Amino acid sequence: QMQLVESGGGLVQPGGSLRLSCAASGFTLDYYAISWFRQAPGKEREGVSCISSGDDSTNYSDSVKGRFTVSRDNAKNAVFLQMNSLKPEDTAVYYCAAAYTDTWCGALDPNEHEYWGQGTQVTVSS
């Protein structure tokens with residue numbers, strides 16, 4: 001069964017850090033672009049960051065640029081999102097998604113992602 005599983009969410013104080021993981025089973029992430037999305041209550045889903053297949057080029061939304069870092073570890077068949085200097089407005093359910101393509105990940109539409117994880121809750125609050 002092919003699936004993505006996110007982990008690493010939780011409750012953190014403003015200014016804190018979390019590291020989200022996106023692990024794949026049933027398929028190899030090497031040839032997939034991986035995107036991170038988030039959705040806060042009452043808000044539209046937002047693209048946060050992504051990493052392309054092949055050259056591992058990355059992209060970030062303006063709201064997280066300089067604070068979040070996306071990376072992949074093919075040996076672990078996983079992608080990570082390091083989130084630093086977290087703010088209350090980062091509170092959301094975070095999802096990873098995989099697209100089988102060598103297109104630069106920043107050009108991908110959410111509908112082009114074949115696999116989605118179930119999401120992990122990130123809450124930033126004092």
# chains A, B, ... in the order shown; residues from 1 in each chain; ligands from 1
$ select_by_dssp --residues "chain A" --states "strand (DSSP E)" --output "JSON, numbers by chain"
{"A": [3, 4, 5, 6, 7, 10, 11, 12, 18, 19, 20, 21, 22, 23, 24, 25, 32, 33, 34, 35, 36, 37, 38, 39, 46, 47, 48, 49, 50, 51, 58, 59, 60, 68, 69, 70, 71, 72, 73, 78, 79, 80, 81, 82, 83, 92, 93, 94, 95, 96, 97, 98, 99, 100, 115, 116, 120, 121, 122, 123, 124]}
$ residues_around --residues "A:Ser21" --least-positions-apart "3" --cutoff "7 Å" --atoms "only C-alpha atoms" --output "PyMOL selection string"
chain A and resi 6-8+78-81
$ closest_residue --among "A:Ser126, A:Ser17, A:Ser53, A:Thr120" --to "A:Tyr94" --atoms "only C-alpha atoms"
A:Thr120
$ closest_atom_pairs --of "stretch 12-50 of chain A" --to "stretch 98-113 of chain A" --cutoff "6 Å" --atoms "only C-alpha atoms" --output "Markdown table"
| residue | atom | partner | partner_atom | distance |
| --- | --- | --- | --- | --- |
| A:Tyr32 | CA | A:Tyr100 | CA | 4.4 |
| A:Ala33 | CA | A:Ala99 | CA | 5.1 |
| A:Ile34 | CA | A:Ala98 | CA | 4.6 |
| A:Cys50 | CA | A:Cys105 | CA | 5.9 |
$ atom_distance --atom1 "atom CA of A:Thr28" --atom2 "atom CA of A:Gly117"
14.8 Å
